[in-house]
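Shown here: input27.txt, compact mmCIF, C-alpha atoms and all ligand atoms.
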# COMPACT_ATOMS: atom_id res chain seq x y z
CA MET A 64 -16.35 -18.35 -22.96
CA GLN A 65 -13.98 -21.28 -22.49
CA GLY A 66 -10.98 -20.55 -20.32
CA GLU A 67 -12.59 -17.46 -18.96
CA LYS A 68 -12.02 -16.95 -15.30
CA VAL A 69 -14.15 -14.58 -13.33
CA ILE A 70 -12.42 -12.99 -10.41
CA SER A 71 -14.67 -11.33 -7.92
CA ARG A 72 -13.92 -8.43 -5.66
CA ASP A 73 -13.60 -10.76 -2.68
CA ASP A 74 -11.04 -12.87 -4.55
CA ILE A 75 -8.75 -9.98 -5.20
CA ILE A 76 -8.93 -7.90 -2.03
CA GLY A 77 -6.10 -8.70 0.34
CA LYS A 78 -3.90 -10.22 -2.36
CA LEU A 79 -0.27 -9.21 -2.57
CA VAL A 80 0.66 -7.00 -5.50
CA VAL A 81 3.99 -7.83 -7.13
CA ASP A 82 5.53 -5.76 -9.91
CA SER A 83 7.51 -6.91 -12.96
CA GLU A 84 10.75 -6.74 -10.95
CA ALA A 85 9.27 -9.14 -8.38
CA SER A 86 9.09 -6.40 -5.77
CA ILE A 87 6.18 -6.57 -3.40
CA ILE A 88 4.26 -3.34 -3.72
CA GLY A 89 1.56 -3.93 -1.14
CA ARG A 90 -1.87 -5.43 -0.74
CA VAL A 91 -5.07 -4.84 -2.64
CA LYS A 92 -7.34 -2.69 -0.54
CA ASP A 93 -10.19 -2.12 -2.95
CA PHE A 94 -11.20 -1.34 -6.47
CA ALA A 95 -11.01 2.26 -7.51
CA ILE A 96 -11.83 4.53 -10.39
CA THR A 97 -9.23 7.07 -11.40
CA LEU A 98 -10.06 10.33 -13.10
CA GLU A 99 -7.20 11.94 -14.92
CA LYS A 100 -7.47 14.62 -17.57
CA GLY A 101 -11.07 13.64 -18.15
CA GLU A 102 -10.23 9.96 -18.63
CA VAL A 103 -11.97 7.45 -16.42
CA ARG A 104 -10.06 4.27 -15.70
CA ALA A 105 -10.58 1.28 -13.49
CA ALA A 106 -7.82 0.68 -11.03
CA LEU A 107 -6.87 -1.20 -7.91
CA LEU A 108 -6.30 0.64 -4.70
CA VAL A 109 -3.14 -0.82 -3.20
CA GLU A 110 -2.19 -0.36 0.40
CA VAL A 111 1.58 0.15 0.51
CA GLY A 112 2.10 0.60 4.21
CA LYS A 113 0.67 1.93 7.43
CA GLY A 114 0.14 5.66 7.42
CA ILE A 115 0.92 5.90 3.70
CA LYS A 116 -1.63 7.00 1.16
CA PRO A 117 -2.64 3.93 -0.90
CA ILE A 118 -1.55 3.96 -4.52
CA THR A 119 -3.69 3.18 -7.54
CA VAL A 120 -2.65 0.59 -10.11
CA GLU A 121 -4.52 0.62 -13.39
CA LEU A 122 -6.20 -2.63 -14.31
CA SER A 123 -4.49 -2.44 -17.69
CA SER A 124 -1.11 -2.92 -16.01
CA ILE A 125 -2.10 -6.23 -14.45
CA LYS A 126 -0.46 -9.18 -16.15
CA ASN A 127 -1.97 -12.04 -14.19
CA ILE A 128 -3.92 -12.80 -11.06
CA ARG A 129 -3.12 -16.00 -9.23
CA ASP A 130 -1.95 -16.21 -5.64
CA VAL A 131 -0.67 -12.70 -6.14
CA VAL A 132 -1.56 -9.85 -8.47
CA LEU A 133 1.28 -9.73 -10.96
CA LEU A 134 1.90 -6.45 -12.76
CA SER A 135 3.40 -6.09 -16.22
CA LYS A 136 5.41 -3.03 -15.25
CA GLN A 137 7.69 -1.79 -12.55
CA VAL A 138 6.08 0.28 -9.85
CA THR A 139 8.03 2.72 -7.78
CA VAL A 140 6.38 3.66 -4.55
CA GLU A 141 7.10 7.32 -4.03
CA LYS A 142 9.91 8.17 -1.67
CA LYS A 143 7.53 10.55 -0.02
CA SER A 144 6.07 7.45 1.53
CA GLU A 145 9.26 6.63 3.41
CA GLU A 146 9.29 10.11 4.83
CA ALA A 147 5.68 9.68 5.80
CA ILE A 148 6.64 6.58 7.75
CA LYS A 149 9.35 8.48 9.61
CA GLN A 150 6.98 11.31 10.37
CA SER A 151 4.42 8.90 11.71
CA TYR A 152 6.79 7.90 14.52
CA MET A 153 6.46 9.67 17.81
CA ILE A 154 9.80 10.87 19.04
CA CYS A 155 10.10 10.80 22.81
CA PRO A 156 10.77 14.33 24.09
CA LYS A 157 12.87 12.97 26.97
CA CYS A 158 15.16 10.36 25.40
CA GLY A 159 14.61 10.83 21.66
CA SER A 160 13.55 7.23 21.02
CA LYS A 161 11.30 6.42 18.10
CA ASN A 162 7.94 5.12 19.16
CA PRO A 163 5.10 3.73 17.07
CA PRO A 164 2.38 6.31 16.38
CA TYR A 165 -0.11 4.56 18.65
CA ALA A 166 2.31 4.27 21.61
CA LYS A 167 1.04 5.60 24.91
CA TYR A 168 4.36 5.30 26.68
CA CYS A 169 7.91 5.54 25.42
CA VAL A 170 9.33 2.08 24.70
CA ASN A 171 12.71 3.15 26.06
CA CYS A 172 12.15 5.33 29.11
CA GLY A 173 8.45 4.85 29.83
CA LEU A 174 7.55 8.54 29.57
CA LYS A 175 3.86 9.09 28.91
CA LEU A 176 3.39 10.28 25.33
CA GLU A 177 0.64 12.58 24.14
ZN ZN B 201 11.74 8.10 26.09

If you convert what's in this file into structure tokens, what do you get?
Ligand SMILES: [Zn+2]
Amino acid sequence: MQGEKVISRDDIIGKLVVDSEASIIGRVKDFAITLEKGEVRAALLVEVGKGIKPITVELSSIKNIRDVVLLSKQVTVEKKSEEAIKQSYMICPKCGSKNPPYAKYCVNCGLKLE
């Protein structure tokens, strides 16, 4: 077909996903199949942040794929995600500083973290 553009899996994985409000949602992690109320749909698995469950975006809501994956609708990443980020911090028991989840020592006081 003329004008047809085939986009492979490798082309799309790692691309930024931008919604209709020009907000960056995240990056394409993989293709996915969603099963909801017996309906099977193709979707993109979008990584929205470290330690946050990736979200699925139905292929039908994709408007265009160029340098970024442009969606035809607004996507709200659940607020639960923000809480998940907070919970993923390690709070130092000595000084109360927030440390990244992989930290071995407190960034502020140097206490060894579990
Ligand atoms: Zn500390």

Review point. If you measure from CA of Ser123 (chain A) to CA of Leu108 (chain A), what distance in Å do you get, rounded to one decimal?
Key: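 Separation between CA of Ser123 (chain A) and CA of Leu108 (chain A): 13.5 Å.
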
For the contact check between chain A and ligand ZN 201 (chain B), emit one row per residue of chain A within 10 Å, containing the shortest atom pair and the distance in Å rounded to one decimal, counting all atoms listed in the file, chain then rising number order, as a tab-separated table.
residue	atom	partner	partner_atom	distance
A:Met153	CA	B:ZN201	ZN	9.9
A:Ile154	CA	B:ZN201	ZN	7.8
A:Cys155	CA	B:ZN201	ZN	4.6
A:Pro156	CA	B:ZN201	ZN	6.6
A:Lys157	CA	B:ZN201	ZN	5.1
A:Cys158	CA	B:ZN201	ZN	4.2
A:Gly159	CA	B:ZN201	ZN	5.9
A:Ser160	CA	B:ZN201	ZN	5.5
A:Lys161	CA	B:ZN201	ZN	8.2
A:Asn162	CA	B:ZN201	ZN	8.4
A:Tyr168	CA	B:ZN201	ZN	7.9
A:Cys169	CA	B:ZN201	ZN	4.7
A:Val170	CA	B:ZN201	ZN	6.6
A:Asn171	CA	B:ZN201	ZN	5.0
A:Cys172	CA	B:ZN201	ZN	4.1
A:Gly173	CA	B:ZN201	ZN	5.9
A:Leu174	CA	B:ZN201	ZN	5.5
A:Lys175	CA	B:ZN201	ZN	8.4
A:Leu176	CA	B:ZN201	ZN	8.7

**Distance query Ile76 (chain A) at most 7 Å, only C-alpha atoms, self and fewer than 6 positions along chain excluded, as number ranges by chain** = A: 91-93

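Residue nearest Val131 (chain A) within the list A:Glu110, A:Asp73, A:Glu67, A:Asp82: A:Asp82 [criterion: smallest interatomic distance, all atoms listed in the file].
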
Query - Nearest to Leu107 (chain A), chosen from A:Lys136, A:Lys167, A:Arg129, A:Arg90, with only C-alpha atoms counted in the distances - result: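 Of all the options, A:Arg90 lies closest to Leu107 (chain A).
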
Of A:Lys116, A:Pro164, A:Glu84, A:Leu122, the one sitting nearest Thr97 (chain A) when using all atoms listed in the file is A:Leu122

Mind listing whatever residues come within 6 Å of the point (-0.8, -5.5, -10.9)? Use all atoms listed in the file, file coordinates, and give them as a PDB file with C-alpha atoms, in the coordinates of the input.
ATOM      1  CA  VAL A  80       0.660  -7.000  -5.500  1.00  0.00           C
ATOM      2  CA  SER A 124      -1.110  -2.920 -16.010  1.00  0.00           C
ATOM      3  CA  ILE A 125      -2.100  -6.230 -14.450  1.00  0.00           C
ATOM      4  CA  VAL A 132      -1.560  -9.850  -8.470  1.00  0.00           C
ATOM      5  CA  LEU A 133       1.280  -9.730 -10.960  1.00  0.00           C
ATOM      6  CA  LEU A 134       1.900  -6.450 -12.760  1.00  0.00           C
TER       7      LEU A 134
END

Of the listed residues A:Ile88, A:Ile115, A:Leu79, A:Val69, that which approaches Asp130 (chain A) most closely, counting only C-alpha atoms
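Result for the nearest residue to Asp130 (chain A): A:Leu79.
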
**Prompt:** So which one's closest to Lys78 (chain A), A:Ala105, A:Ile118, A:Ile128, A:Leu98? Using only C-alpha atoms, please.
**Reply:**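 Counting only C-alpha atoms, the residue closest to Lys78 (chain A) is A:Ile128.
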
Restricting to only C-alpha atoms, whichever of A:Gly89, A:Tyr152, A:Thr119, A:Asn127 is closest to Ile70 (chain A) is A:Asn127

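The space between CA of Ser151 (chain A) and CA of Val111 (chain A) spans 14.5 Å.
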
One decimal, Å: what's the distance from CA of Ser86 (chain A) over to CA of Thr139 (chain A), could you say?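 So the two atoms, CA of Ser86 (chain A) and CA of Thr139 (chain A), lie 9.4 Å apart.
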